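S.K.: Sending over target39.txt (compact mmCIF, C-alpha atoms and all ligand atoms).
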```
# COMPACT_ATOMS: atom_id res chain seq x y z
CA MET A 63 122.99 125.60 146.55
CA GLN A 64 125.57 128.39 146.28
CA VAL A 65 128.49 128.84 148.65
CA ASN A 66 130.47 132.06 148.64
CA SER A 67 134.11 131.39 149.04
CA ALA A 68 135.13 130.08 145.63
CA LYS A 69 133.86 133.08 143.76
CA GLU A 70 135.39 135.85 145.77
CA GLY A 71 138.53 137.56 144.59
CA SER A 72 139.15 135.13 141.74
CA GLY A 73 139.02 137.77 139.01
CA PHE A 74 137.46 135.18 136.71
CA ASP A 75 133.93 135.33 135.34
CA PHE A 76 133.49 131.61 136.09
CA ASP A 77 135.31 128.90 137.93
CA VAL A 78 134.53 126.54 135.11
CA VAL A 79 133.10 126.77 131.61
CA ILE A 80 131.77 123.47 130.29
CA VAL A 81 131.03 122.88 126.63
CA GLY A 82 128.13 120.48 126.02
CA ALA A 83 124.90 119.99 127.99
CA SER A 84 124.48 116.24 127.57
CA PHE A 85 125.31 113.56 130.15
CA ALA A 86 128.99 114.34 130.82
CA GLY A 87 128.50 118.12 130.81
CA THR A 88 125.45 118.00 133.06
CA ALA A 89 127.13 115.74 135.60
CA CYS A 90 130.24 117.92 135.68
CA ALA A 91 128.21 121.13 135.99
CA ILE A 92 125.99 119.89 138.82
CA ALA A 93 128.88 118.34 140.75
CA ALA A 94 130.79 121.64 140.61
CA ALA A 95 127.76 123.85 141.28
CA GLN A 96 126.74 121.78 144.31
CA ARG A 97 130.12 122.65 145.82
CA GLY A 98 129.55 126.37 145.26
CA LEU A 99 131.47 126.99 142.03
CA ARG A 100 130.29 129.43 139.40
CA VAL A 101 129.55 127.27 136.42
CA CYS A 102 128.70 128.22 132.84
CA VAL A 103 127.60 125.62 130.28
CA LEU A 104 127.61 126.37 126.56
CA GLU A 105 125.30 124.22 124.44
CA ARG A 106 125.00 124.81 120.72
CA LYS A 107 121.46 123.42 120.45
CA ARG A 108 118.60 125.73 121.33
CA ASP A 109 116.53 122.77 122.46
CA PRO A 110 118.57 120.10 124.26
CA GLY A 111 116.01 117.48 123.21
CA ASP A 112 116.61 118.19 119.54
CA LYS A 113 118.90 116.29 117.09
CA LEU A 114 119.73 113.43 119.39
CA ARG A 115 122.69 111.12 118.89
CA THR A 116 121.85 108.40 121.34
CA THR A 117 119.33 105.63 121.85
CA GLY A 118 119.32 106.80 125.45
CA ILE A 119 119.23 103.40 127.13
CA ILE A 120 120.46 103.77 130.70
CA VAL A 121 122.07 100.85 132.55
CA LYS A 122 120.89 99.87 136.02
CA GLU A 123 124.06 101.17 137.71
CA ALA A 124 123.47 104.67 136.34
CA ALA A 125 119.74 104.49 137.01
CA GLU A 126 120.35 103.71 140.69
CA HIS A 127 123.65 105.31 141.66
CA THR A 128 123.64 108.68 139.94
CA LEU A 129 121.35 111.68 139.93
CA LEU A 130 119.55 109.97 137.04
CA HIS A 131 117.65 108.00 139.69
CA ARG A 132 115.55 111.17 140.04
CA LEU A 133 114.31 111.02 136.46
CA PRO A 134 110.51 111.29 136.49
CA ALA A 135 108.98 107.80 136.09
CA HIS A 136 107.04 108.71 132.94
CA MET A 137 110.34 109.36 131.10
CA THR A 138 111.62 105.81 131.49
CA ARG A 139 110.56 102.24 130.83
CA ARG A 140 112.14 99.16 132.37
CA ILE A 141 113.67 96.54 130.07
CA GLU A 142 114.53 93.36 131.93
CA ALA A 143 115.81 90.98 129.27
CA VAL A 144 117.89 90.88 126.14
CA HIS A 145 116.87 88.76 123.18
CA LEU A 146 119.97 88.05 121.16
CA TYR A 147 119.48 86.99 117.53
CA ALA A 148 122.05 85.15 115.43
CA PRO A 149 122.35 86.17 111.74
CA SER A 150 119.99 83.28 110.92
CA LEU A 151 117.48 84.97 113.32
CA LYS A 152 117.63 82.09 115.81
CA GLN A 153 117.32 83.72 119.18
CA VAL A 154 118.22 83.25 122.81
CA ALA A 155 116.75 85.11 125.80
CA LEU A 156 119.33 86.49 128.23
CA ALA A 157 118.63 87.90 131.68
CA ALA A 158 120.32 88.40 135.02
CA PRO A 159 118.17 88.37 138.15
CA GLY A 160 117.51 91.92 139.30
CA TYR A 161 119.24 93.53 136.33
CA TYR A 162 117.48 95.95 134.01
CA PHE A 163 117.99 98.79 131.56
CA LEU A 164 115.85 101.90 131.22
CA GLY A 165 114.51 102.81 127.81
CA THR A 166 113.94 106.56 127.84
CA ASP A 167 111.91 109.33 126.34
CA THR A 168 115.29 110.81 125.49
CA PRO A 169 114.21 114.30 124.33
CA ALA A 170 112.37 114.72 127.66
CA VAL A 171 115.41 113.42 129.57
CA MET A 172 117.72 115.94 127.89
CA ARG A 173 115.33 118.79 128.75
CA TRP A 174 115.14 117.51 132.32
CA LEU A 175 118.94 117.58 132.56
CA ALA A 176 118.91 121.22 131.40
CA GLU A 177 116.25 122.18 133.97
CA THR A 178 118.13 120.35 136.71
CA MET A 179 121.33 122.23 135.91
CA ARG A 180 119.51 125.53 136.11
CA ALA A 181 117.91 124.51 139.41
CA HIS A 182 121.46 124.06 140.74
CA GLY A 183 122.39 127.61 139.75
CA VAL A 184 124.29 126.71 136.58
CA ASP A 185 124.41 129.48 133.93
CA LEU A 186 123.24 127.33 131.01
CA ARG A 187 123.44 129.09 127.65
CA LEU A 188 121.43 127.27 125.03
CA GLY A 189 121.96 128.08 121.35
CA CYS A 190 125.50 129.14 122.17
CA ALA A 191 128.27 127.23 120.38
CA PHE A 192 131.83 127.11 121.62
CA THR A 193 134.09 128.41 118.88
CA ASP A 194 137.47 129.15 120.42
CA ALA A 195 139.41 129.85 123.60
CA GLU A 196 142.75 131.44 124.47
CA ARG A 197 145.03 130.54 127.30
CA ILE A 198 145.40 133.31 129.88
CA ALA A 199 147.21 133.31 133.21
CA HIS A 200 145.73 130.53 135.40
CA GLY A 201 142.77 129.94 133.10
CA TRP A 202 141.05 130.40 129.77
CA GLN A 203 139.34 133.20 127.87
CA VAL A 204 136.39 131.44 126.29
CA HIS A 205 134.72 133.19 123.35
CA GLY A 206 131.06 133.81 124.11
CA ALA A 207 131.40 133.10 127.85
CA GLY A 208 134.26 135.08 129.43
CA THR A 209 137.17 134.04 131.60
CA ALA A 210 137.31 130.79 133.55
CA ARG A 211 139.80 128.95 135.71
CA TYR A 212 138.95 125.68 133.96
CA LEU A 213 137.58 124.74 130.58
CA VAL A 214 135.88 121.35 130.24
CA GLY A 215 135.14 119.76 126.86
CA ALA A 216 132.01 117.62 127.16
CA ASP A 217 131.23 118.28 123.52
CA GLY A 218 131.07 114.79 122.13
CA ALA A 219 133.02 112.56 119.80
CA ARG A 220 134.31 115.33 117.51
CA SER A 221 135.36 117.69 120.27
CA ARG A 222 136.16 121.21 119.23
CA VAL A 223 137.52 121.90 122.70
CA ALA A 224 140.07 119.10 122.15
CA ARG A 225 141.18 120.67 118.88
CA ARG A 226 141.37 124.24 120.14
CA CYS A 227 143.17 123.34 123.37
CA GLY A 228 145.65 120.88 121.89
CA LEU A 229 144.20 117.87 123.71
CA GLY A 230 143.91 114.34 122.32
CA GLU A 231 141.25 113.60 119.71
CA VAL A 232 139.23 110.44 119.28
CA ARG A 233 140.34 108.65 116.11
CA GLN A 234 138.37 105.42 115.96
CA PHE A 235 134.62 105.20 115.78
CA LEU A 236 131.54 103.16 115.22
CA TYR A 237 128.74 104.90 113.36
CA GLY A 238 125.25 104.47 114.77
CA ILE A 239 121.96 105.28 113.05
CA GLU A 240 118.47 104.82 114.38
CA TYR A 241 114.86 105.39 113.33
CA GLU A 242 112.21 106.37 115.83
CA PHE A 243 108.67 105.05 115.39
CA PRO A 244 106.57 107.24 117.69
CA GLY A 245 103.44 105.62 119.08
CA SER A 246 104.31 102.07 118.00
CA ARG A 247 104.81 99.00 120.14
CA LEU A 248 106.95 95.88 119.84
CA ALA A 249 105.33 92.46 120.28
CA MET A 250 107.70 91.83 123.24
CA PRO A 251 108.34 95.32 124.61
CA ASP A 252 110.08 94.26 127.82
CA ALA A 253 113.15 92.97 126.03
CA LEU A 254 115.94 94.71 124.18
CA HIS A 255 116.22 92.89 120.82
CA CYS A 256 119.82 92.71 119.57
CA PHE A 257 120.81 91.35 116.16
CA ILE A 258 124.22 90.09 115.13
CA SER A 259 124.85 90.46 111.42
CA LYS A 260 128.10 91.00 109.62
CA ARG A 261 126.15 92.10 106.57
CA TYR A 262 124.15 94.92 108.17
CA ALA A 263 126.17 95.77 111.29
CA PRO A 264 129.82 94.77 110.81
CA GLY A 265 131.68 95.50 114.03
CA TYR A 266 128.62 95.94 116.21
CA ILE A 267 124.93 94.95 116.27
CA GLY A 268 121.47 96.12 115.31
CA TRP A 269 118.67 96.64 117.83
CA LEU A 270 114.96 97.20 118.46
CA ALA A 271 113.92 98.79 121.75
CA GLN A 272 110.69 99.99 123.28
CA ASN A 273 110.76 103.38 124.98
CA PRO A 274 107.89 105.16 126.80
CA THR A 275 106.70 106.86 123.61
CA GLY A 276 107.45 104.40 120.81
CA VAL A 277 110.01 102.10 119.26
CA GLN A 278 113.62 102.75 118.35
CA ALA A 279 115.27 100.64 115.67
CA GLY A 280 118.88 101.04 114.69
CA LEU A 281 122.25 99.60 113.94
CA ALA A 282 125.87 100.57 114.30
CA LEU A 283 128.88 99.53 112.31
CA ARG A 284 132.61 100.16 112.22
CA HIS A 285 133.30 103.60 110.77
CA ASP A 286 136.06 103.64 108.19
CA PRO A 287 136.52 107.20 106.85
CA ALA A 288 138.56 105.90 103.88
CA ASN A 289 135.81 103.50 102.91
CA ALA A 290 132.62 104.96 104.35
CA ARG A 291 129.50 102.93 103.58
CA VAL A 292 125.91 104.04 104.03
CA PRO A 293 124.27 101.79 106.63
CA ASP A 294 121.43 99.80 105.08
CA ILE A 295 118.97 100.37 107.90
CA ASP A 296 115.95 99.80 105.64
CA GLY A 297 117.32 96.45 104.49
CA PHE A 298 118.10 95.59 108.09
CA LEU A 299 114.55 96.34 109.22
CA LEU A 300 113.09 94.31 106.37
CA ARG A 301 115.25 91.39 107.46
CA VAL A 302 114.67 91.54 111.23
CA GLY A 303 111.41 93.45 111.69
CA MET A 304 109.10 90.45 111.90
CA ALA A 305 111.43 88.37 114.08
CA GLY A 306 111.81 91.31 116.50
CA GLY A 307 108.07 91.99 116.66
CA LEU A 308 108.11 95.35 114.88
CA PRO A 309 104.62 96.21 113.58
CA ARG A 310 104.30 96.29 109.79
CA HIS A 311 103.77 99.40 107.64
CA LEU A 312 105.39 101.95 109.90
CA SER A 313 106.74 105.23 108.69
CA PRO A 314 109.73 106.44 110.64
CA GLY A 315 109.77 109.68 112.61
CA PRO A 316 113.02 111.44 113.49
CA THR A 317 116.37 109.78 112.81
CA ARG A 318 119.19 109.73 115.36
CA ALA A 319 122.74 109.23 114.15
CA GLY A 320 126.29 109.82 115.26
CA LEU A 321 129.81 108.62 115.82
CA ILE A 322 130.65 106.44 118.81
CA PRO A 323 134.24 106.40 120.07
CA CYS A 324 135.54 102.84 120.28
CA SER A 325 139.24 102.92 121.12
CA GLY A 326 139.26 103.98 124.75
CA PRO A 327 140.39 107.26 126.32
CA VAL A 328 142.32 109.80 124.24
CA SER A 329 146.07 110.14 124.70
CA VAL A 330 146.00 113.64 126.22
CA LEU A 331 142.82 113.88 128.23
CA ALA A 332 143.73 116.98 130.27
CA ARG A 333 146.41 119.59 130.66
CA ASP A 334 146.83 123.29 131.44
CA ARG A 335 143.39 123.70 133.01
CA ALA A 336 141.58 122.13 130.05
CA ILE A 337 139.91 118.75 130.61
CA LEU A 338 137.94 116.42 128.36
CA THR A 339 135.16 114.18 129.58
CA GLY A 340 132.56 111.77 128.17
CA ASP A 341 132.71 111.01 124.44
CA ALA A 342 135.12 113.91 123.92
CA ALA A 343 137.59 111.97 126.07
CA GLY A 344 136.82 108.66 124.34
CA ILE A 345 135.19 107.26 127.48
CA VAL A 346 132.80 104.77 125.87
CA SER A 347 132.87 101.00 126.18
CA PRO A 348 134.58 99.68 123.02
CA VAL A 349 132.41 96.55 123.21
CA THR A 350 128.90 97.63 124.17
CA ALA A 351 129.25 101.20 122.80
CA GLY A 352 127.42 102.31 125.94
CA GLY A 353 128.67 105.70 127.04
CA ILE A 354 125.97 107.32 129.17
CA HIS A 355 126.98 105.83 132.50
CA ALA A 356 130.71 106.31 131.87
CA ALA A 357 130.14 109.90 130.69
CA TRP A 358 128.09 110.66 133.79
CA ASP A 359 130.59 109.12 136.22
CA HIS A 360 133.61 110.77 134.68
CA GLY A 361 131.91 114.17 134.27
CA TRP A 362 130.84 114.02 137.91
CA THR A 363 134.38 113.18 139.06
CA VAL A 364 135.81 116.06 137.03
CA GLY A 365 133.29 118.54 138.49
CA ARG A 366 134.04 117.37 142.02
CA ALA A 367 137.80 117.50 141.43
CA ILE A 368 137.69 121.07 140.11
CA ALA A 369 135.63 122.13 143.13
CA SER A 370 137.96 120.38 145.53
CA HIS A 371 140.98 122.07 143.94
CA VAL A 372 139.45 125.55 143.78
CA ARG A 373 137.93 125.47 147.25
CA ASP A 374 140.16 123.21 149.32
CA ASN A 375 143.43 123.11 147.42
CA GLY A 376 142.79 119.49 146.49
CA PRO A 377 144.89 117.66 143.89
CA PRO A 378 145.08 119.05 140.35
CA PRO A 379 141.84 118.10 138.60
CA GLU A 380 143.76 117.32 135.42
CA LEU A 381 145.43 114.42 137.22
CA VAL A 382 142.19 113.27 138.82
CA ALA A 383 140.48 113.31 135.41
CA ILE A 384 143.22 111.21 133.81
CA ASP A 385 143.26 108.79 136.71
CA ALA A 386 139.48 108.36 136.75
CA ALA A 387 139.18 107.50 133.05
CA PRO A 388 138.39 103.80 132.58
CA ARG A 389 141.09 102.15 130.46
CA PHE A 390 138.80 99.44 128.98
CA ARG A 391 141.83 97.13 128.47
CA THR A 392 139.83 93.90 128.15
CA LYS A 393 137.15 95.56 126.06
CA LYS A 394 139.74 97.07 123.72
CA ALA A 395 141.18 93.59 123.15
CA LEU A 396 137.68 92.25 122.46
CA ARG A 397 137.06 95.11 120.03
CA TRP A 398 140.32 94.31 118.23
CA ALA A 399 139.29 90.67 117.90
CA TYR A 400 135.72 91.41 116.81
CA ASP A 401 136.94 93.86 114.12
CA ARG A 402 139.14 91.18 112.60
CA LEU A 403 137.41 87.91 113.36
CA GLN A 404 133.70 88.57 113.06
CA PHE A 405 131.97 85.75 111.21
CA ASP A 406 128.29 84.90 111.13
CA TRP A 407 128.58 81.11 111.27
CA PRO A 408 129.82 80.76 114.89
CA PHE A 409 126.79 82.70 116.11
CA ASP A 410 124.42 80.63 113.96
CA LEU A 411 126.02 77.43 115.18
CA LEU A 412 126.71 78.20 118.81
CA LEU A 413 124.01 80.68 119.90
CA HIS A 414 122.48 78.27 122.41
CA SER A 415 125.77 76.88 123.66
CA PRO A 416 126.63 77.60 127.30
CA PRO A 417 129.96 79.37 126.51
CA LEU A 418 128.35 81.79 124.05
CA ARG A 419 125.46 82.44 126.36
CA TRP A 420 127.85 83.03 129.27
CA ALA A 421 129.93 85.45 127.18
CA ALA A 422 126.83 87.33 126.00
CA GLU A 423 125.48 87.65 129.54
CA LYS A 424 128.87 88.96 130.63
CA VAL A 425 128.80 91.64 127.93
CA TYR A 426 125.25 92.76 128.65
CA PHE A 427 124.97 92.41 132.41
CA HIS A 428 128.36 92.55 134.09
CA LYS A 429 129.85 95.70 135.58
CA ARG A 430 130.91 97.84 132.72
CA ARG A 431 134.23 99.37 133.59
CA CYS A 432 137.00 96.84 132.98
C1 LIG B 501 123.19 106.15 117.66
C2 LIG B 501 123.79 106.07 119.06
C3 LIG B 501 123.12 105.34 120.03
C4 LIG B 501 123.67 105.25 121.33
N1 LIG B 501 122.96 104.58 122.28
C5 LIG B 501 123.43 104.53 123.55
C6 LIG B 501 122.66 103.92 124.56
O1 LIG B 501 121.54 103.48 124.33
N2 LIG B 501 123.16 103.86 125.82
C7 LIG B 501 124.40 104.36 126.11
O2 LIG B 501 124.83 104.26 127.28
N3 LIG B 501 125.13 104.98 125.17
C8 LIG B 501 124.67 105.09 123.90
N4 LIG B 501 125.39 105.76 122.95
C9 LIG B 501 126.59 106.47 123.37
C10 LIG B 501 126.16 107.67 124.24
O3 LIG B 501 125.09 108.32 123.61
C11 LIG B 501 127.28 108.66 124.45
O4 LIG B 501 128.41 107.94 124.94
C12 LIG B 501 126.86 109.75 125.43
O5 LIG B 501 125.79 110.49 124.91
C13 LIG B 501 128.05 110.65 125.70
O6 LIG B 501 127.63 111.79 126.38
P1 LIG B 501 128.49 113.11 126.30
O7 LIG B 501 127.85 114.05 127.25
O8 LIG B 501 129.93 112.81 126.47
O9 LIG B 501 128.39 113.62 124.79
P2 LIG B 501 127.17 113.85 123.83
O10 LIG B 501 125.96 113.15 124.30
O11 LIG B 501 127.67 113.59 122.44
O12 LIG B 501 126.86 115.41 123.96
C14 LIG B 501 127.73 116.40 123.47
C15 LIG B 501 126.98 117.73 123.61
O13 LIG B 501 127.87 118.78 123.25
C16 LIG B 501 127.18 119.69 122.39
N5 LIG B 501 128.20 120.34 121.56
C17 LIG B 501 129.01 119.76 120.63
N6 LIG B 501 129.83 120.69 120.10
C18 LIG B 501 129.54 121.87 120.69
C19 LIG B 501 130.06 123.19 120.57
N7 LIG B 501 131.04 123.50 119.71
N8 LIG B 501 129.53 124.16 121.36
C20 LIG B 501 128.52 123.87 122.25
N9 LIG B 501 127.98 122.63 122.40
C21 LIG B 501 128.49 121.65 121.63
C22 LIG B 501 126.25 118.79 121.59
O14 LIG B 501 125.18 119.52 121.03
C23 LIG B 501 125.78 117.82 122.67
O15 LIG B 501 124.68 118.31 123.39
C24 LIG B 501 124.89 105.90 121.64
C25 LIG B 501 125.54 106.65 120.66
C26 LIG B 501 125.00 106.75 119.38
C27 LIG B 501 125.72 107.58 118.34
```
Here is the file; what I need is its structure written in the form of structure tokens.
Ligand SMILES: Cc1cc2nc3c(=O)[nH]c(=O)nc-3n(C[C@H](O)[C@H](O)[C@H](O)COP(=O)(O)OP(=O)(O)OC[C@H]3O[C@@H](n4cnc5c(N)ncnc54)[C@H](O)[C@@H]3O)c2cc1C

M.R.:
Amino acid sequence: MQVNSAKEGSGFDFDVVIVGASFAGTACAIAAAQRGLRVCVLERKRDPGDKLRTTGIIVKEAAEHTLLHRLPAHMTRRIEAVHLYAPSLKQVALAAPGYYFLGTDTPAVMRWLAETMRAHGVDLRLGCAFTDAERIAHGWQVHGAGTARYLVGADGARSRVARRCGLGEVRQFLYGIEYEFPGSRLAMPDALHCFISKRYAPGYIGWLAQNPTGVQAGLALRHDPANARVPDIDGFLLRVGMAGGLPRHLSPGPTRAGLIPCSGPVSVLARDRAILTGDAAGIVSPVTAGGIHAAWDHGWTVGRAIASHVRDNGPPPELVAIDAAPRFRTKKALRWAYDRLQFDWPFDLLLHSPPLRWAAEKVYFHKRRC
């Protein structure tokens, strides 16, 4: 849907240029385009489904309350329980009535997002990397795109937009790595299998998940640039594969890997008509490392705020963006504690105890924005 007024007489090529065509960038682009803005999205990958850096599991809230509820059914698979394994591989089944996650055919989802942007009139430029931008009166000159009133960095954990525009950069990360096993099937495919292990996944967990086209198996650990260690995903799979119902003798397909922000929103999230969103802004839960829902919500809010400002003289979108960023105060405290006090024995000893079960169900199933 295109509406005239915003474009006329602006002297800019675009109302907004967005860098990154993943969850945050797509949400921002569609929200702005629906309100009649001229939107350009730069995405460095030629195929948005290529070189993925996410497991792509979508929480129920995002599956029901965002545009992601229109994802074609064949791209998703419902997961209704979590099986949590202590380091000893004792396990407990967690569930919350009515709650679910969606495992996804993530390459297909990313291509669907690109098509959906185009259907909304977004000028999506695939294979076009953002390199630099200069400040001009009331906007930005973006290399490879032209002039824009607003520049949005939805370009992930190592945001180039943040660096070039003098915005805050994410400094603390987990590192996640995952193998895909196309065509294979877990013994219990309706559960997400999560493994606590200080040895293989210090600072986070490992996981096995069924998606519509196969199995994903991965782990994430605290990333320490001064003391980087190569995650032992093969050792991890040898240890947990049987317990988690992974078929034997599989050869992995593509690998997904990337940094996951884990210290909450960046210090300077927006200023001077440049705004960060999603991972670029550090908007990822420091506990669950889930970022898709938060990226979508924040990107959408930023797109709406830019449209409201450009069209109706609404409040400065920079302020709206800062205000809308979840602070994750409780989750940051939990992250601090887990980084320093993670031991295997309490999980081995207490996995079936009501307090641990309660805490785990809170982490997996409660609303994710505190
Ligand atoms: C291994 C792993 C597993 C994860 N699993 C989950 C999960 O199951 N569920 C969940 O909720 N969260 C998960 N996360 C976190 C989640 O994937 C991210 O929080 C989410 O993808 C953030 O979306 P985004 O749009 O902000 O950024 P991203 O998804 O990182 O997308 C950034 C986009 O910007 C593009 N880009 C980067 N630089 C440039 C440039 N210079 N020019 C043009 N384009 C550029 C990239 O190609 C990319 O398309 C996982 C993360 C990792 C690393």

S.K.: From the list A:Ala199, A:Val103, A:Ala224, A:Leu312, which residue is nearest Ala342 (chain A) when using all atoms listed in the file?

M.R.: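 Among the listed residues, A:Ala224 lies closest to Ala342 (chain A).
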
S.K.: Which residues are near ligand LIG 501 (chain B) - at most 6 Å, using all atoms listed in the file? Format: as JSON, numbers by chain.

M.R.: {"A": [81, 82, 83, 84, 85, 86, 87, 104, 105, 106, 107, 115, 116, 117, 118, 119, 120, 191, 192, 193, 216, 217, 218, 222, 238, 239, 240, 318, 319, 320, 321, 322, 340, 341, 342, 346, 351, 352, 353, 354, 355, 357]}

S.K.: Put those residues in a file: C-alpha atoms, as a JSON list (two decimals), in the frame of the given file.

M.R.:
```json
[["chain", "number", "residue", "atom", "x", "y", "z"],
["A", 81, "VAL", "CA", 131.03, 122.88, 126.63],
["A", 82, "GLY", "CA", 128.13, 120.48, 126.02],
["A", 83, "ALA", "CA", 124.90, 119.99, 127.99],
["A", 84, "SER", "CA", 124.48, 116.24, 127.57],
["A", 85, "PHE", "CA", 125.31, 113.56, 130.15],
["A", 86, "ALA", "CA", 128.99, 114.34, 130.82],
["A", 87, "GLY", "CA", 128.50, 118.12, 130.81],
["A", 104, "LEU", "CA", 127.61, 126.37, 126.56],
["A", 105, "GLU", "CA", 125.30, 124.22, 124.44],
["A", 106, "ARG", "CA", 125.00, 124.81, 120.72],
["A", 107, "LYS", "CA", 121.46, 123.42, 120.45],
["A", 115, "ARG", "CA", 122.69, 111.12, 118.89],
["A", 116, "THR", "CA", 121.85, 108.40, 121.34],
["A", 117, "THR", "CA", 119.33, 105.63, 121.85],
["A", 118, "GLY", "CA", 119.32, 106.80, 125.45],
["A", 119, "ILE", "CA", 119.23, 103.40, 127.13],
["A", 120, "ILE", "CA", 120.46, 103.77, 130.70],
["A", 191, "ALA", "CA", 128.27, 127.23, 120.38],
["A", 192, "PHE", "CA", 131.83, 127.11, 121.62],
["A", 193, "THR", "CA", 134.09, 128.41, 118.88],
["A", 216, "ALA", "CA", 132.01, 117.62, 127.16],
["A", 217, "ASP", "CA", 131.23, 118.28, 123.52],
["A", 218, "GLY", "CA", 131.07, 114.79, 122.13],
["A", 222, "ARG", "CA", 136.16, 121.21, 119.23],
["A", 238, "GLY", "CA", 125.25, 104.47, 114.77],
["A", 239, "ILE", "CA", 121.96, 105.28, 113.05],
["A", 240, "GLU", "CA", 118.47, 104.82, 114.38],
["A", 318, "ARG", "CA", 119.19, 109.73, 115.36],
["A", 319, "ALA", "CA", 122.74, 109.23, 114.15],
["A", 320, "GLY", "CA", 126.29, 109.82, 115.26],
["A", 321, "LEU", "CA", 129.81, 108.62, 115.82],
["A", 322, "ILE", "CA", 130.65, 106.44, 118.81],
["A", 340, "GLY", "CA", 132.56, 111.77, 128.17],
["A", 341, "ASP", "CA", 132.71, 111.01, 124.44],
["A", 342, "ALA", "CA", 135.12, 113.91, 123.92],
["A", 346, "VAL", "CA", 132.80, 104.77, 125.87],
["A", 351, "ALA", "CA", 129.25, 101.20, 122.80],
["A", 352, "GLY", "CA", 127.42, 102.31, 125.94],
["A", 353, "GLY", "CA", 128.67, 105.70, 127.04],
["A", 354, "ILE", "CA", 125.97, 107.32, 129.17],
["A", 355, "HIS", "CA", 126.98, 105.83, 132.50],
["A", 357, "ALA", "CA", 130.14, 109.90, 130.69]]
```

S.K.: Do you know which residues are at most 9 Å from Phe76 (chain A) counting only C-alpha atoms, after dropping those on the same chain fewer than 3 positions away, and could you put them as a PyMOL selection string?

M.R.: chain A and resi 69+72-73+79+99-102+207-212

S.K.: Could you write out the selected residues, including C-alpha atoms, as a PDB file, in the coordinates of the input?

M.R.:
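Below you can see selection19.pdb, which holds the result:
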```pdb
ATOM      1  CA  LYS A  69     133.860 133.080 143.760  1.00  0.00           C
ATOM      2  CA  SER A  72     139.150 135.130 141.740  1.00  0.00           C
ATOM      3  CA  GLY A  73     139.020 137.770 139.010  1.00  0.00           C
ATOM      4  CA  VAL A  79     133.100 126.770 131.610  1.00  0.00           C
ATOM      5  CA  LEU A  99     131.470 126.990 142.030  1.00  0.00           C
ATOM      6  CA  ARG A 100     130.290 129.430 139.400  1.00  0.00           C
ATOM      7  CA  VAL A 101     129.550 127.270 136.420  1.00  0.00           C
ATOM      8  CA  CYS A 102     128.700 128.220 132.840  1.00  0.00           C
ATOM      9  CA  ALA A 207     131.400 133.100 127.850  1.00  0.00           C
ATOM     10  CA  GLY A 208     134.260 135.080 129.430  1.00  0.00           C
ATOM     11  CA  THR A 209     137.170 134.040 131.600  1.00  0.00           C
ATOM     12  CA  ALA A 210     137.310 130.790 133.550  1.00  0.00           C
ATOM     13  CA  ARG A 211     139.800 128.950 135.710  1.00  0.00           C
ATOM     14  CA  TYR A 212     138.950 125.680 133.960  1.00  0.00           C
TER      15      TYR A 212
END
```

S.K.: Which is closest to Leu130 (chain A) among A:Ser325, A:Thr88, A:Ala386, A:Val425, if we use all atoms listed in the file?

M.R.: A:Thr88

S.K.: Pro377 (chain A): which residues within 9 Å, counting only C-alpha atoms, same-chain residues fewer than 4 positions away excluded, as a list of chain:residue names?

M.R.: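 That gives A:Ala367, A:Ile368, A:Ser370, A:His371, A:Leu381, A:Val382.
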
S.K.: Select, from A:Gly165, A:Pro287, A:Gly189, A:Pro293, the residue with the minimum atom-to-atom distance to Ala271 (chain A), counting all atoms listed in the file.

M.R.: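 When distances to Ala271 (chain A) are compared using all atoms listed in the file, the smallest one comes from A:Gly165.
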
S.K.: Between A:Pro274, A:Ala263, A:Arg335, A:Gly315, which has the minimum distance to Ile295 (chain A) (counting all atoms listed in the file)?

M.R.: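 Closest to Ile295 (chain A) of all the choices is A:Ala263.
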
S.K.: Between A:Val184, A:Leu229, A:Leu114, A:Leu331, which one has atoms that come closest to Thr317 (chain A), using all atoms listed in the file?

M.R.: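 Ranked by minimum distance to Thr317 (chain A), first place goes to A:Leu114.
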
S.K.: Can you tell me, as a list in words, what residues are no more than 7 Å from Arg284 (chain A) when counting all atoms listed in the file, ignoring any on the same chain fewer than 3 positions away?

M.R.: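 Answer for this query is Phe235, Leu236, Tyr237, Pro264 and Gly265 of chain A.
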
S.K.: Could you take the residues named above and write them with C-alpha atoms, as a tab-separated table (two decimals), in the coordinates of the input?

M.R.:
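Output contents, as saved in selection.tsv:
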```tsv
chain	number	residue	atom	x	y	z
A	235	PHE	CA	134.62	105.20	115.78
A	236	LEU	CA	131.54	103.16	115.22
A	237	TYR	CA	128.74	104.90	113.36
A	264	PRO	CA	129.82	94.77	110.81
A	265	GLY	CA	131.68	95.50	114.03
```

S.K.: Counting all atoms listed in the file, figure out which residue out of A:His255, A:Cys324, A:Thr339, A:Leu248 gets nearest to Trp398 (chain A).

M.R.: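 Checking each candidate against Trp398 (chain A), we get A:Cys324 as the closest.
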
S.K.: Take every atom of region 386-391 of chain A listed in the file, fit an axis-aligned box around them, add 4 Å per side, and give the centre and edge lengths in Å to one decimal as JSON.

M.R.:
```
{"center_x": 140.1, "center_y": 102.7, "center_z": 132.6, "size_x": 11.4, "size_y": 19.2, "size_z": 16.3}
```

S.K.: I want to know what sits within 12 Å of Ser313 (chain A), based on only C-alpha atoms, with residues of the same chain fewer than 6 positions away left out; could you give that as a list in words?

M.R.: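 Once the adjacent positions are removed, what remains is Tyr241, Glu242, Phe243, Pro244, Gly245, Ser246, Val277, Ala279, Asp296 and Leu299 of chain A.
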
S.K.: In Å to one decimal, how far is CA of Ala176 (chain A) from CA of Arg333 (chain A)?

M.R.: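 Result for CA of Arg333 (chain A) versus CA of Ala176 (chain A): 27.6 Å, one decimal.
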